[in-house]
Amino acid sequence: MLTTFREWEDVLAALQLVLAMSGMGATLTAGDFAGILQRRRAVLLVLLLQFIFAPLAVLAIGRLVPLPVGVGLGLLVLAVMPSGAMSNLFTHLGCGNLALSITATVSSTTICLFTVPWLLDWLAGPLLTGEITMPAGAVAGDVLLYLLLPMVGGMLVRRLFPVGARPFSLWTVRASLVVLGIIAVGSLGSGRIEVAEYGWSVPLLLIAFMILQFSVARGVTYLLGYDAADAYTLAIEVTLRNGNLAILFSSTLFTSAAVLSQRLSSGLLYVALFYGGATLFLGVLLAIGQRRLPPLERPPRQAAGLPGNRGNPR
């Protein structure tokens with residue numbers, strides 16, 4: 001079953017992204033992105049939390065909790081990864097600010113081409129040998145093919161067929177969730193990883209790291225005066241990382257057959273796969289919780305210079 005699932009995994013992942021981004025694109029117009037440039041601090045906040053807070057939090061965790069060397073490196077690699085397309089999907093499902101989410105995803109993915117090699121060389125240099133490079137061509141291709149083009153296609157559907165845009169969005173997003181469920185079941189059933197391979201403390205630690213990122217991001221955005229939709233959106237962006245990129249990146253790091261390289265690669269793969277699967281369940285719970293919030297919920301104050309974007313209507 002493992003061989004069969006791996007043969008179809010990439011196709012299913014691509015199909016899921018195309019369906020999701022097409023459906024979400026059908027809910028957007030060019031005007032939804034117009035105000036983002038005036039609110040650059042929101043995107044900057046995501047980048048700071050992703051590429052500064054999260055790696056430093058991982059270093060602190062590594063000092064407090066003894067971790068297998070591969071798991072520790074895997075957690076660090078994941079902490080310097082950008083947000084993935086799943087953040088856009090769960091922003092949409094939670095009625096967040098989808099235009100802001102997509103802008104933040106594209107921004108963090110672009111900047112990671114420069115920040116990831118530098119951060120890993122600085123933070124994990126002793127464990128890694130050789131020059132650290134990002135698979136820039138593959139990353140750019142994925143962003144174009146599976147994020148931007150399907151989104152633009154969905155926006156064209158809304159523009160050309162306004163009456164049919166809503167049912168198109170509804171059914172394509174539902175179809176993407178079905179494919180996502182198939183991927184989740186296939187991953188679990190294929191035995192690609194053993195959840196308790198490193199004991200139960202490691203999975204619990206990874207879940208705690210997810211919750212920590214979401215809680216800190218949500219608290220900071222709330223204190224800065226963002227409204228509920230934007231605060232949820234930014235926190236989701238910080239929490240849901242691109243595990244597929246982490247796996248792709250790992251293949252450029254470990255080319256040696258040495259025992260240490262095998263241990264590092266195995267630990268990184270475990271972290272990326274477990275974190276990716278766990279964030280699916282966390283994303284569902286967060287989206288449900290966000291949708292159940294009172295529609296008029298707002299922070300107690302509005303920060304100066306940070307006008308609240310109301311996001312998608314609930």
# chains A, B, ... in the order shown; residues from 1 in each chain; ligands from 1
>>> select_by_dssp(residues="segment 67-294 of chain A", states="strand (DSSP E or B)", output="compact mmCIF listing (two decimals) with N, CA and C atoms, in the first residue's frame")
# COMPACT_ATOMS: atom_id res chain seq x y z
N SER A 83 4.62 29.65 5.20
CA SER A 83 3.28 29.06 5.30
C SER A 83 2.95 28.38 3.98
N GLU A 197 7.33 6.39 16.88
CA GLU A 197 8.70 5.99 16.57
C GLU A 197 9.71 6.58 17.55
N GLY A 199 8.73 7.71 20.62
CA GLY A 199 7.98 7.82 21.86
C GLY A 199 6.83 8.80 21.69
N ARG A 241 2.61 25.48 8.37
CA ARG A 241 3.83 25.60 7.57
C ARG A 241 3.79 24.65 6.36
>>> residues_around(residues="Gly267 of chain A", least_positions_apart="2", cutoff="6 Å", atoms="only C-alpha atoms", output="list in words")
Gly70, Val71, Gly74, Leu264, Ser265, Leu269 and Tyr270 of chain A
>>> atom_distance(atom1="atom CA of Val46 of chain A", atom2="atom CA of Ala104 of chain A")
7.1 Å
>>> closest_residue(among="A:Leu28, A:Val271, A:Val69, A:Leu148", to="Leu204 of chain A", atoms="only C-alpha atoms")
A:Val271
>>> closest_residue(among="A:Gln50, A:Thr27, A:Thr279, A:Asn242", to="Leu98 of chain A", atoms="only C-alpha atoms")
A:Thr27
